[in-house]
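Data file: upload25.csv. Format and content: CSV, C-alpha atoms.
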```
chain,number,residue,atom,x,y,z
A,1,MET,CA,94.2,-31.6,-36.5
A,2,LYS,CA,96.7,-29.2,-38.0
A,3,HIS,CA,97.4,-25.6,-37.3
A,4,PRO,CA,95.4,-24.1,-40.3
A,5,GLN,CA,92.4,-26.2,-39.4
A,6,PHE,CA,92.4,-24.7,-35.9
A,7,GLU,CA,92.5,-21.3,-37.4
A,8,ALA,CA,89.5,-22.1,-39.5
A,9,LEU,CA,87.6,-23.3,-36.4
A,10,LEU,CA,88.5,-20.1,-34.6
A,11,PHE,CA,86.3,-18.0,-36.9
A,12,ASP,CA,83.4,-20.3,-36.8
A,13,ILE,CA,82.9,-20.8,-33.1
A,14,ASP,CA,79.1,-20.7,-33.3
A,15,HIS,CA,79.0,-23.8,-35.4
A,16,LEU,CA,81.5,-26.0,-33.6
A,17,GLY,CA,80.7,-29.4,-32.2
A,18,HIS,CA,81.6,-30.4,-28.6
A,19,GLU,CA,84.7,-32.3,-29.6
A,20,GLU,CA,85.9,-29.6,-31.9
A,21,ARG,CA,85.5,-27.0,-29.2
A,22,ILE,CA,87.5,-29.0,-26.7
A,23,ALA,CA,90.3,-29.6,-29.3
A,24,LEU,CA,90.4,-25.9,-30.1
A,25,GLU,CA,90.5,-24.9,-26.4
A,26,ALA,CA,93.5,-27.2,-25.9
A,27,HIS,CA,95.2,-25.8,-29.0
A,28,LEU,CA,94.7,-22.2,-27.8
A,29,GLN,CA,96.5,-23.0,-24.5
A,30,GLU,CA,99.5,-24.3,-26.5
A,31,CYS,CA,99.7,-21.9,-29.5
A,32,GLU,CA,100.5,-18.3,-28.8
A,33,HIS,CA,99.7,-17.2,-32.3
A,34,CYS,CA,96.2,-18.6,-32.4
A,35,ASN,CA,95.6,-17.4,-28.9
A,36,ALA,CA,96.5,-13.8,-29.9
A,37,LEU,CA,94.3,-14.1,-33.0
A,38,ALA,CA,91.4,-15.5,-31.0
A,39,THR,CA,91.7,-12.6,-28.5
A,40,SER,CA,91.8,-10.0,-31.2
A,41,TRP,CA,88.8,-11.5,-33.0
A,42,SER,CA,86.8,-11.8,-29.8
A,43,ASP,CA,87.6,-8.2,-28.9
A,44,LEU,CA,86.6,-6.9,-32.4
A,45,GLU,CA,83.5,-9.1,-32.6
A,46,GLY,CA,82.3,-7.8,-29.3
A,47,LYS,CA,82.8,-4.2,-30.5
A,48,MET,CA,80.8,-4.9,-33.7
A,49,LEU,CA,78.0,-6.6,-31.8
A,50,SER,CA,77.7,-3.8,-29.3
A,51,ALA,CA,77.9,-1.0,-31.9
A,52,PRO,CA,74.7,1.0,-32.1
A,53,GLN,CA,72.5,1.4,-35.2
A,54,MET,CA,73.3,4.7,-36.7
A,55,GLU,CA,70.2,6.9,-37.3
A,56,PRO,CA,69.7,9.5,-40.0
A,57,ALA,CA,69.1,13.2,-39.2
A,58,THR,CA,65.4,14.0,-38.5
A,59,GLY,CA,63.2,14.7,-41.5
A,60,PHE,CA,64.5,11.7,-43.6
A,61,THR,CA,61.1,10.9,-44.9
A,62,ASP,CA,60.3,14.5,-45.8
A,63,ARG,CA,63.6,14.7,-47.7
A,64,PHE,CA,62.7,11.4,-49.5
A,65,ARG,CA,59.3,12.9,-50.5
A,66,GLU,CA,61.1,15.9,-52.0
A,67,ARG,CA,63.5,13.6,-53.9
A,68,LEU,CA,60.5,11.6,-55.2
A,69,VAL,CA,58.9,14.8,-56.5
A,70,VAL,CA,62.1,15.7,-58.4
A,71,TYR,CA,62.4,12.1,-59.7
A,72,LYS,CA,58.8,12.2,-61.0
A,73,ARG,CA,59.2,15.6,-62.7
A,74,ARG,CA,62.4,14.4,-64.4
A,75,LYS,CA,60.7,11.2,-65.5
A,76,GLN,CA,57.8,13.3,-67.0
A,77,GLU,CA,60.3,15.6,-68.8
A,78,ARG,CA,62.2,12.6,-70.2
A,79,LEU,CA,58.9,11.1,-71.4
A,80,THR,CA,57.9,14.3,-73.2
A,81,LEU,CA,61.3,14.6,-74.8
A,82,SER,CA,61.1,10.9,-75.9
A,83,VAL,CA,57.7,11.5,-77.5
A,84,ILE,CA,59.0,14.6,-79.3
A,85,LEU,CA,62.1,12.8,-80.5
A,86,ALA,CA,60.0,9.8,-81.6
A,87,ILE,CA,57.7,12.1,-83.7
A,88,LEU,CA,60.8,13.8,-85.2
A,89,ILE,CA,62.5,10.6,-86.0
A,90,SER,CA,59.3,9.2,-87.5
A,91,LEU,CA,58.9,12.3,-89.7
A,92,ILE,CA,62.5,12.0,-90.9
A,93,ILE,CA,62.0,8.3,-91.7
A,94,VAL,CA,58.7,8.9,-93.5
A,95,THR,CA,60.2,11.8,-95.4
A,96,GLY,CA,63.2,9.7,-96.3
A,97,PHE,CA,61.1,6.8,-97.5
A,98,PHE,CA,58.4,8.7,-99.3
A,99,GLY,CA,60.1,12.0,-100.2
A,100,ALA,CA,61.3,10.8,-103.6
A,101,GLU,CA,57.8,9.5,-104.4
A,102,LEU,CA,56.2,12.8,-103.3
A,103,LEU,CA,58.6,14.8,-105.5
A,104,THR,CA,57.3,13.0,-108.7
A,105,PHE,CA,53.9,14.6,-108.0
A,106,VAL,CA,55.3,18.1,-108.1
A,107,PRO,CA,56.0,19.6,-111.6
A,108,SER,CA,59.6,20.6,-112.4
A,109,ALA,CA,61.0,23.5,-110.3
A,110,ILE,CA,61.4,26.0,-113.2
A,111,SER,CA,57.8,25.6,-114.5
A,112,PHE,CA,56.5,25.8,-110.9
A,113,PHE,CA,58.4,29.1,-110.4
A,114,LEU,CA,57.1,30.6,-113.7
A,115,LYS,CA,53.6,29.6,-112.8
A,116,SER,CA,53.9,31.3,-109.4
A,117,ILE,CA,55.2,34.5,-111.0
A,118,ASN,CA,52.3,34.5,-113.5
A,119,GLY,CA,49.9,34.0,-110.6
A,120,LEU,CA,51.3,37.0,-108.7
A,121,VAL,CA,51.1,39.2,-111.8
A,122,LEU,CA,47.5,38.2,-112.3
A,123,LEU,CA,46.7,38.9,-108.6
A,124,GLY,CA,48.3,42.4,-108.9
A,125,GLY,CA,46.1,43.2,-112.0
A,126,LEU,CA,43.0,42.1,-110.2
A,127,LEU,CA,43.8,44.3,-107.2
A,128,THR,CA,44.4,47.4,-109.5
A,129,ILE,CA,41.0,46.8,-111.1
A,130,LEU,CA,39.3,46.5,-107.7
A,131,GLY,CA,41.0,49.8,-106.5
A,132,ASP,CA,39.8,51.7,-109.6
A,133,PHE,CA,36.3,50.4,-109.2
A,134,THR,CA,36.2,51.5,-105.5
A,135,LEU,CA,37.4,55.0,-106.5
A,136,VAL,CA,34.7,55.3,-109.1
A,137,LEU,CA,32.1,54.1,-106.6
A,138,LEU,CA,33.1,56.6,-103.9
A,139,GLU,CA,33.2,59.5,-106.4
A,140,GLY,CA,29.6,58.5,-107.6
A,141,ILE,CA,28.3,58.3,-104.0
A,142,THR,CA,29.8,61.7,-102.9
A,143,GLN,CA,28.4,63.5,-105.9
A,144,SER,CA,24.9,62.0,-105.6
A,145,LEU,CA,24.4,62.4,-101.8
A,146,PRO,CA,23.8,65.8,-100.0
A,147,ALA,CA,26.6,67.2,-97.8
A,148,GLY,CA,24.5,67.0,-94.6
A,149,LEU,CA,23.9,63.3,-95.0
A,150,LEU,CA,27.6,62.7,-95.6
A,151,LEU,CA,28.4,64.5,-92.4
A,152,ALA,CA,25.8,62.5,-90.5
A,153,ILE,CA,27.3,59.2,-91.8
A,154,ALA,CA,30.9,60.4,-90.8
A,155,ALA,CA,29.7,61.3,-87.3
A,156,ALA,CA,27.9,58.0,-86.8
A,157,THR,CA,31.0,56.1,-88.0
A,158,SER,CA,33.2,58.1,-85.6
A,159,GLY,CA,30.8,57.4,-82.7
A,160,LEU,CA,30.8,53.7,-83.4
A,161,ALA,CA,34.6,53.7,-83.5
A,162,VAL,CA,34.8,55.5,-80.1
A,163,ILE,CA,32.3,53.0,-78.5
A,164,TRP,CA,34.3,50.1,-80.0
A,165,MET,CA,37.6,51.4,-78.6
A,166,PHE,CA,36.0,52.1,-75.1
A,167,SER,CA,34.6,48.5,-75.0
A,168,ILE,CA,38.1,47.1,-75.8
A,169,TYR,CA,39.6,49.2,-73.0
A,170,ARG,CA,36.8,48.3,-70.5
A,171,PHE,CA,36.4,44.6,-71.1
A,172,GLY,CA,39.7,43.6,-72.6
A,173,PHE,CA,42.7,45.6,-71.5
A,174,ASN,CA,41.3,46.7,-68.1
A,175,THR,CA,40.2,43.2,-67.1
A,176,PHE,CA,43.6,41.8,-67.9
A,177,ARG,CA,45.3,44.4,-65.8
A,178,ARG,CA,43.1,43.6,-62.8
A,179,GLU,CA,44.1,39.9,-63.0
B,1,MET,CA,51.6,-11.1,-32.2
B,2,ALA,CA,52.9,-7.6,-32.6
B,3,GLU,CA,55.2,-8.8,-35.4
B,4,TYR,CA,52.2,-10.4,-37.1
B,5,GLN,CA,50.2,-7.2,-36.9
B,6,ARG,CA,53.2,-5.3,-38.1
B,7,SER,CA,53.7,-7.6,-41.1
B,8,ASN,CA,50.0,-7.3,-41.9
B,9,GLU,CA,50.3,-3.5,-41.8
B,10,GLU,CA,53.5,-3.7,-43.9
B,11,GLY,CA,51.7,-5.9,-46.5
B,12,LEU,CA,49.0,-3.3,-46.8
B,13,TRP,CA,51.4,-0.5,-47.2
B,14,ILE,CA,53.3,-2.4,-49.9
B,15,GLU,CA,50.1,-3.2,-51.7
B,16,ARG,CA,48.9,0.4,-51.6
B,17,ALA,CA,52.3,1.7,-52.7
B,18,THR,CA,52.4,-0.7,-55.6
B,19,GLN,CA,49.1,0.8,-56.7
B,20,GLY,CA,50.8,4.3,-56.7
B,21,ASP,CA,50.0,5.5,-53.2
B,22,ASP,CA,53.0,7.7,-52.3
B,23,ASP,CA,51.8,8.1,-48.7
B,24,ALA,CA,51.9,4.4,-48.2
B,25,PHE,CA,55.5,4.3,-49.5
B,26,ALA,CA,56.4,7.1,-47.2
B,27,GLN,CA,55.2,4.9,-44.3
B,28,ILE,CA,57.6,2.2,-45.5
B,29,VAL,CA,60.4,4.8,-45.6
B,30,GLU,CA,59.6,6.0,-42.1
B,31,SER,CA,59.6,2.4,-40.8
B,32,TYR,CA,62.9,1.2,-42.4
B,33,GLN,CA,64.9,4.4,-42.5
B,34,VAL,CA,67.2,3.3,-39.6
B,35,PRO,CA,68.2,-0.2,-40.8
B,36,VAL,CA,68.8,1.1,-44.4
B,37,TYR,CA,70.7,4.2,-43.2
B,38,ASN,CA,72.8,2.1,-40.8
B,39,LEU,CA,73.7,-0.3,-43.5
B,40,CYS,CA,74.8,2.5,-45.8
B,41,TYR,CA,76.7,4.2,-43.0
B,42,ARG,CA,78.6,1.0,-42.1
B,43,MET,CA,79.3,0.3,-45.8
B,44,LEU,CA,80.4,3.8,-46.8
B,45,GLY,CA,81.7,5.2,-43.4
B,46,ASN,CA,80.4,8.7,-43.9
B,47,ARG,CA,77.2,10.4,-42.9
B,48,GLU,CA,76.6,12.5,-46.0
B,49,GLU,CA,77.2,9.6,-48.3
B,50,ALA,CA,75.1,7.3,-46.2
B,51,GLU,CA,72.1,9.7,-46.3
B,52,ASP,CA,72.4,10.0,-50.1
B,53,ALA,CA,72.8,6.2,-50.5
B,54,ALA,CA,69.9,5.5,-48.2
B,55,GLN,CA,67.6,7.9,-50.1
B,56,GLU,CA,68.7,6.4,-53.4
B,57,SER,CA,68.1,2.9,-52.2
B,58,PHE,CA,64.5,3.8,-51.2
B,59,LEU,CA,64.0,5.4,-54.6
B,60,ARG,CA,65.2,2.2,-56.3
B,61,ALA,CA,62.9,0.2,-54.2
B,62,TYR,CA,60.0,2.6,-55.2
B,63,ARG,CA,60.8,2.1,-58.9
B,64,ASN,CA,61.1,-1.7,-58.6
B,65,LEU,CA,58.2,-2.3,-56.1
B,66,ASN,CA,56.3,-4.2,-58.8
B,67,ARG,CA,59.2,-6.7,-58.9
B,68,TYR,CA,59.1,-7.4,-55.2
B,69,ASP,CA,58.1,-11.0,-54.4
B,70,PRO,CA,55.8,-11.1,-51.3
B,71,LYS,CA,57.2,-14.5,-50.4
B,72,ARG,CA,60.4,-12.8,-49.4
B,73,LYS,CA,60.9,-10.8,-46.3
B,74,PHE,CA,60.5,-7.1,-47.3
B,75,VAL,CA,63.4,-6.0,-45.1
B,76,THR,CA,65.7,-8.5,-46.7
B,77,TRP,CA,64.7,-7.3,-50.2
B,78,LEU,CA,65.2,-3.6,-49.1
B,79,LEU,CA,68.6,-4.3,-47.6
B,80,SER,CA,69.6,-6.2,-50.6
B,81,ILE,CA,69.0,-3.2,-52.8
B,82,ALA,CA,70.9,-1.0,-50.4
B,83,SER,CA,73.8,-3.4,-50.2
B,84,HIS,CA,74.1,-3.7,-54.0
B,85,TYR,CA,73.9,0.1,-54.4
B,86,CYS,CA,76.7,0.7,-51.7
B,87,ILE,CA,78.9,-2.0,-53.4
B,88,ASP,CA,78.6,-0.2,-56.7
B,89,ARG,CA,79.3,3.1,-55.1
B,90,LEU,CA,82.4,1.8,-53.4
B,91,ARG,CA,83.7,0.4,-56.7
B,92,ARG,CA,83.1,3.8,-58.3
B,93,ARG,CA,84.8,5.5,-55.4
B,94,ARG,CA,88.0,3.4,-55.9
B,95,LEU,CA,88.3,5.0,-59.3
B,96,LYS,CA,88.1,8.5,-58.0
B,97,LEU,CA,91.1,10.5,-56.8
B,98,VAL,CA,91.6,10.9,-53.0
B,99,SER,CA,90.3,14.2,-51.9
B,100,LEU,CA,92.4,16.7,-50.0
B,101,ASP,CA,90.2,16.3,-46.9
B,102,ASP,CA,91.2,12.6,-46.8
B,103,LEU,CA,94.9,13.6,-46.8
B,104,LEU,CA,94.6,16.0,-43.9
B,105,PRO,CA,95.0,14.5,-40.4
B,106,ARG,CA,91.8,14.0,-38.5
B,107,ARG,CA,91.2,16.6,-35.8
B,108,GLU,CA,91.0,15.3,-32.2
B,109,ARG,CA,88.1,16.7,-30.3
B,110,GLY,CA,88.5,17.6,-26.6
B,111,ALA,CA,86.0,15.8,-24.2
B,112,SER,CA,85.0,18.5,-21.7
B,113,THR,CA,81.7,17.1,-20.3
B,114,PRO,CA,80.7,13.5,-19.6
B,115,ALA,CA,78.2,13.5,-22.4
B,116,ALA,CA,80.8,14.9,-24.8
B,117,GLU,CA,83.2,12.2,-23.6
B,118,ALA,CA,80.7,9.5,-24.1
B,119,ASN,CA,80.0,10.9,-27.6
B,120,TYR,CA,83.7,11.0,-28.3
B,121,LEU,CA,84.2,7.4,-27.2
B,122,GLN,CA,81.3,6.3,-29.3
B,123,GLN,CA,82.8,8.1,-32.3
B,124,GLU,CA,86.2,6.6,-31.6
B,125,GLN,CA,84.6,3.1,-31.5
B,126,ALA,CA,82.7,3.8,-34.7
B,127,GLU,CA,86.0,5.0,-36.3
B,128,GLU,CA,87.8,1.8,-35.2
B,129,ILE,CA,85.1,-0.4,-36.7
B,130,ARG,CA,85.0,1.7,-39.9
B,131,SER,CA,88.8,1.3,-40.3
B,132,MET,CA,88.5,-2.4,-39.9
B,133,LEU,CA,85.6,-2.6,-42.4
B,134,ASP,CA,87.5,-0.4,-44.8
B,135,GLY,CA,90.2,-3.0,-45.1
B,136,ILE,CA,88.1,-5.7,-46.6
B,137,GLY,CA,86.4,-6.0,-50.1
B,138,GLU,CA,83.0,-4.5,-50.8
B,139,LYS,CA,81.0,-7.7,-50.9
B,140,ASP,CA,82.8,-9.1,-47.9
B,141,ARG,CA,82.0,-5.9,-46.0
B,142,ALA,CA,78.3,-6.2,-46.9
B,143,ALA,CA,78.4,-9.9,-45.7
B,144,VAL,CA,80.0,-8.9,-42.4
B,145,ILE,CA,77.5,-6.0,-41.8
B,146,LEU,CA,74.5,-8.2,-42.6
B,147,ARG,CA,75.8,-10.9,-40.3
B,148,TYR,CA,76.7,-8.7,-37.3
B,149,TRP,CA,74.2,-5.8,-37.4
B,150,TYR,CA,71.2,-7.6,-38.9
B,151,ASP,CA,71.8,-11.1,-37.6
B,152,PHE,CA,71.1,-12.5,-41.1
B,153,SER,CA,71.6,-16.2,-41.6
B,154,TYR,CA,74.0,-17.5,-44.3
B,155,GLU,CA,71.0,-18.2,-46.5
B,156,GLU,CA,69.6,-14.6,-46.1
B,157,ILE,CA,73.1,-13.1,-46.8
B,158,ALA,CA,73.4,-15.4,-49.9
B,159,GLU,CA,70.0,-14.2,-51.1
B,160,SER,CA,70.7,-10.6,-50.5
B,161,LEU,CA,74.1,-10.5,-52.2
B,162,SER,CA,73.3,-13.0,-55.0
B,163,LEU,CA,75.9,-15.5,-53.7
B,164,SER,CA,76.0,-19.2,-52.9
B,165,ILE,CA,75.9,-20.2,-49.3
B,166,SER,CA,79.4,-21.7,-49.5
B,167,ALA,CA,80.7,-18.4,-51.0
B,168,VAL,CA,79.1,-16.5,-48.1
B,169,LYS,CA,80.8,-18.9,-45.6
B,170,SER,CA,84.2,-18.5,-47.3
B,171,ARG,CA,83.9,-14.7,-47.6
B,172,LEU,CA,82.9,-14.4,-43.9
B,173,HIS,CA,85.8,-16.6,-42.9
B,174,ARG,CA,88.3,-14.6,-45.0
B,175,SER,CA,86.9,-11.3,-43.7
B,176,ARG,CA,87.1,-12.4,-40.0
B,177,ARG,CA,90.6,-13.5,-40.5
B,178,GLU,CA,91.7,-10.3,-42.2
B,179,MET,CA,90.0,-8.1,-39.7
B,180,ALA,CA,91.4,-10.1,-36.7
B,181,ASP,CA,94.9,-9.8,-38.1
B,182,ARG,CA,94.6,-6.1,-38.7
B,183,TRP,CA,93.1,-5.6,-35.2
B,184,HIS,CA,95.9,-7.5,-33.7
B,185,VAL,CA,98.6,-5.5,-35.6
B,186,GLN,CA,96.9,-2.2,-34.7
B,187,ASN,CA,96.6,-3.0,-31.0
B,188,LYS,CA,100.2,-4.2,-30.9
B,189,ALA,CA,101.4,-1.0,-32.6
B,190,PHE,CA,99.3,1.0,-30.1
B,191,VAL,CA,100.8,-0.8,-27.1
B,192,ASN,CA,104.3,-0.5,-28.4
B,193,GLY,CA,103.7,3.2,-29.2
B,194,GLY,CA,102.5,3.7,-25.6
B,195,ARG,CA,105.6,2.0,-24.2
B,196,GLN,CA,107.9,4.2,-26.3
B,197,ASP,CA,106.0,7.3,-25.1
B,198,GLU,CA,106.4,6.1,-21.5
B,199,ALA,CA,110.1,5.4,-22.0
B,200,SER,CA,110.8,8.8,-23.6
B,201,ALA,CA,108.8,10.5,-20.7
B,202,ILE,CA,111.1,8.7,-18.2
```

Just dump the structure as structure tokens.
Amino acid sequence: MKHPQFEALLFDIDHLGHEERIALEAHLQECEHCNALATSWSDLEGKMLSAPQMEPATGFTDRFRERLVVYKRRKQERLTLSVILAILISLIIVTGFFGAELLTFVPSAISFFLKSINGLVLLGGLLTILGDFTLVLLEGITQSLPAGLLLAIAAATSGLAVIWMFSIYRFGFNTFRRE
Amino acid sequence: MAEYQRSNEEGLWIERATQGDDDAFAQIVESYQVPVYNLCYRMLGNREEAEDAAQESFLRAYRNLNRYDPKRKFVTWLLSIASHYCIDRLRRRRLKLVSLDDLLPRRERGASTPAAEANYLQQEQAEEIRSMLDGIGEKDRAAVILRYWYDFSYEEIAESLSLSISAVKSRLHRSRREMADRWHVQNKAFVNGGRQDEASAI
């Protein structure tokens, strides 16, 4: 057996046969290099085998639980963000595919603008007519009803307004403050 | 018998944890915190990093629990996750710059009481082992740790590190050789240094 083969045996002592062990022992007595190597390895191996298991600081499991909570929260956040992004991307894709088709249903931009202006003018005219009609109605009522009845209607309306405001304060605003 | 009961209990925890019971998984963490932490410490050589790596390994196990094959030993699967994570971490670490703390000389602590002295010796021994393990590659280091601290067979190491049995044997042989050489050189330097000190004192 040659020198490198003995070196190989030196680091596999647990799996040596009887004859290999005897040959190695004989070689170790002759070879100073292998003897030094065997002594070093035996010393180091002994230290490793006797080294204790290192233990974490107390509360390891509690710290893991905290980490798990953070992990789950981040996972939930990522999921929500993914859903929002998916919806946005879907909308962009749908708009991209069908946008051109949808535009064909809308009349040309100028005619659409003119029609909108006409609509607004018409709405203004209607509101003016409605205002004039209300004024005429109020004038007719005030002239036909006696002053005492008008005062009574005004007082009743004011009273209802006060009760309404008090109820808002009592059941709305005040309750909110208590909470 | 105790081991059988333990494995039954463990199986129950795993089953419950797979169904989403976090308390059952916390039981698993409580039971395996020491072996996982020790592996991370031996791999990374630093308490803070070992804590973080052990926590992350358990989190990875939690996320992949549905992939666990009950035919395998749970501890082997768990240590395999921790080994792979530490190997990745060491590879990333190599790319980072050396911190200023690493460049400063380590402070020697005085041993005033027997307990402190024992603690100091234990630390010194841990430091010696760490320096030896630091000198070998990440996967080789994992193989050595699984062999010497967990008494894993070649087959179990191969399974844990996704290697063939012959690769495990050759990695272990190479690591032992490198470590023995380094240990020999270090001790020789220490002895020579001691002799020089004695000579200068005389």

Each chain A residue no farther than 9 Å from chain B, nearest pair in Å, only C-alpha atoms, as CSV:
```
residue,atom,partner,partner_atom,distance
A:Glu7,CA,B:Arg177,CA,8.6
A:Ala8,CA,B:His173,CA,7.4
A:Phe11,CA,B:His173,CA,6.2
A:Asp12,CA,B:His173,CA,7.5
A:Ala36,CA,B:His184,CA,7.4
A:Leu37,CA,B:Ala180,CA,6.2
A:Ala38,CA,B:Ala180,CA,7.9
A:Thr39,CA,B:His184,CA,8.4
A:Ser40,CA,B:His184,CA,5.4
A:Trp41,CA,B:Ala180,CA,4.7
A:Ser42,CA,B:Ala180,CA,8.5
A:Asp43,CA,B:Trp183,CA,8.8
A:Leu44,CA,B:Ala180,CA,7.2
A:Glu45,CA,B:Tyr148,CA,8.3
A:Lys47,CA,B:Gln125,CA,7.6
A:Met48,CA,B:Tyr148,CA,6.6
A:Leu49,CA,B:Tyr148,CA,6.0
A:Ala51,CA,B:Ala126,CA,7.3
A:Pro52,CA,B:Trp149,CA,8.6
A:Gln53,CA,B:Asn38,CA,5.7
A:Met54,CA,B:Asn38,CA,4.9
A:Glu55,CA,B:Val34,CA,5.2
A:Pro56,CA,B:Tyr37,CA,6.3
A:Ala57,CA,B:Glu51,CA,8.5
A:Phe60,CA,B:Gln33,CA,7.4
A:Thr61,CA,B:Glu30,CA,5.8
A:Asp62,CA,B:Ala26,CA,8.5
A:Arg63,CA,B:Gln55,CA,8.2
A:Phe64,CA,B:Gln55,CA,6.1
A:Arg65,CA,B:Ala26,CA,7.3
A:Arg67,CA,B:Gln55,CA,8.0
A:Leu68,CA,B:Leu59,CA,7.1
A:Tyr71,CA,B:Leu59,CA,8.6
```

Exercise. How many Å separate CA of Leu151 (chain A) from CA of Ile163 (chain A)?
Worked result: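 So the two atoms, CA of Leu151 (chain A) and CA of Ile163 (chain A), lie 18.5 Å apart.
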
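Compared by their closest atoms to Arg16 (chain B), and using only C-alpha atoms, the residues B:Leu65, B:Leu133, B:Ala158, B:Leu78 rank with B:Leu65 nearest.
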
For this session: Between CA of Leu120 (chain A) and CA of Leu138 (chain A), measure the distance and give it in Å to one decimal.
Result: 27.2 Å

Problem set entry | Interatomic distance (Å, one decimal) between CA of Gly45 (chain B) and CA of Glu127 (chain B) |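 Distance reported for this atom pair: 8.3 Å.
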
Can you sort out region 44-63 of chain A so it carries N, CA and C atoms, written as a PDB file, in the coordinates of the input?
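Contents of selection.pdb, freshly written:
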```pdb
ATOM      1  N   LEU A  44      87.226  -7.610 -31.256  1.00  0.00           N
ATOM      2  CA  LEU A  44      86.600  -6.900 -32.400  1.00  0.00           C
ATOM      3  C   LEU A  44      85.150  -7.292 -32.570  1.00  0.00           C
ATOM      4  N   GLU A  45      84.880  -8.584 -32.466  1.00  0.00           N
ATOM      5  CA  GLU A  45      83.500  -9.100 -32.600  1.00  0.00           C
ATOM      6  C   GLU A  45      82.595  -8.454 -31.569  1.00  0.00           C
ATOM      7  N   GLY A  46      83.119  -8.380 -30.354  1.00  0.00           N
ATOM      8  CA  GLY A  46      82.300  -7.800 -29.300  1.00  0.00           C
ATOM      9  C   GLY A  46      82.030  -6.314 -29.577  1.00  0.00           C
ATOM     10  N   LYS A  47      82.988  -5.596 -30.114  1.00  0.00           N
ATOM     11  CA  LYS A  47      82.800  -4.200 -30.500  1.00  0.00           C
ATOM     12  C   LYS A  47      81.722  -4.058 -31.566  1.00  0.00           C
ATOM     13  N   MET A  48      81.782  -4.961 -32.550  1.00  0.00           N
ATOM     14  CA  MET A  48      80.800  -4.900 -33.700  1.00  0.00           C
ATOM     15  C   MET A  48      79.404  -5.213 -33.164  1.00  0.00           C
ATOM     16  N   LEU A  49      79.317  -6.222 -32.293  1.00  0.00           N
ATOM     17  CA  LEU A  49      78.000  -6.600 -31.800  1.00  0.00           C
ATOM     18  C   LEU A  49      77.381  -5.549 -30.900  1.00  0.00           C
ATOM     19  N   SER A  50      78.252  -4.785 -30.223  1.00  0.00           N
ATOM     20  CA  SER A  50      77.700  -3.800 -29.300  1.00  0.00           C
ATOM     21  C   SER A  50      77.571  -2.394 -29.990  1.00  0.00           C
ATOM     22  N   ALA A  51      78.019  -2.296 -31.235  1.00  0.00           N
ATOM     23  CA  ALA A  51      77.900  -1.000 -31.900  1.00  0.00           C
ATOM     24  C   ALA A  51      76.470  -0.642 -32.182  1.00  0.00           C
ATOM     25  N   PRO A  52      76.074   0.600 -31.905  1.00  0.00           N
ATOM     26  CA  PRO A  52      74.700   1.000 -32.100  1.00  0.00           C
ATOM     27  C   PRO A  52      74.280   1.122 -33.550  1.00  0.00           C
ATOM     28  N   GLN A  53      72.971   1.089 -33.806  1.00  0.00           N
ATOM     29  CA  GLN A  53      72.500   1.400 -35.200  1.00  0.00           C
ATOM     30  C   GLN A  53      72.547   2.868 -35.382  1.00  0.00           C
ATOM     31  N   MET A  54      73.175   3.280 -36.443  1.00  0.00           N
ATOM     32  CA  MET A  54      73.300   4.700 -36.700  1.00  0.00           C
ATOM     33  C   MET A  54      71.940   5.197 -37.298  1.00  0.00           C
ATOM     34  N   GLU A  55      71.509   6.366 -36.841  1.00  0.00           N
ATOM     35  CA  GLU A  55      70.200   6.900 -37.300  1.00  0.00           C
ATOM     36  C   GLU A  55      70.416   8.122 -38.179  1.00  0.00           C
ATOM     37  N   PRO A  56      69.560   8.292 -39.174  1.00  0.00           N
ATOM     38  CA  PRO A  56      69.700   9.500 -40.000  1.00  0.00           C
ATOM     39  C   PRO A  56      69.217  10.732 -39.296  1.00  0.00           C
ATOM     40  N   ALA A  57      69.558  11.907 -39.808  1.00  0.00           N
ATOM     41  CA  ALA A  57      69.100  13.200 -39.200  1.00  0.00           C
ATOM     42  C   ALA A  57      67.560  13.234 -39.359  1.00  0.00           C
ATOM     43  N   THR A  58      66.896  13.953 -38.450  1.00  0.00           N
ATOM     44  CA  THR A  58      65.400  14.000 -38.500  1.00  0.00           C
ATOM     45  C   THR A  58      64.974  14.621 -39.834  1.00  0.00           C
ATOM     46  N   GLY A  59      63.771  14.168 -40.248  1.00  0.00           N
ATOM     47  CA  GLY A  59      63.200  14.700 -41.500  1.00  0.00           C
ATOM     48  C   GLY A  59      63.627  13.847 -42.710  1.00  0.00           C
ATOM     49  N   PHE A  60      64.075  12.605 -42.470  1.00  0.00           N
ATOM     50  CA  PHE A  60      64.500  11.700 -43.600  1.00  0.00           C
ATOM     51  C   PHE A  60      63.389  11.489 -44.566  1.00  0.00           C
ATOM     52  N   THR A  61      62.210  11.181 -44.024  1.00  0.00           N
ATOM     53  CA  THR A  61      61.100  10.900 -44.900  1.00  0.00           C
ATOM     54  C   THR A  61      60.652  12.078 -45.726  1.00  0.00           C
ATOM     55  N   ASP A  62      60.694  13.267 -45.105  1.00  0.00           N
ATOM     56  CA  ASP A  62      60.300  14.500 -45.800  1.00  0.00           C
ATOM     57  C   ASP A  62      61.332  14.723 -46.983  1.00  0.00           C
ATOM     58  N   ARG A  63      62.600  14.484 -46.683  1.00  0.00           N
ATOM     59  CA  ARG A  63      63.600  14.700 -47.700  1.00  0.00           C
ATOM     60  C   ARG A  63      63.409  13.635 -48.850  1.00  0.00           C
TER      61      ARG A  63
END
```
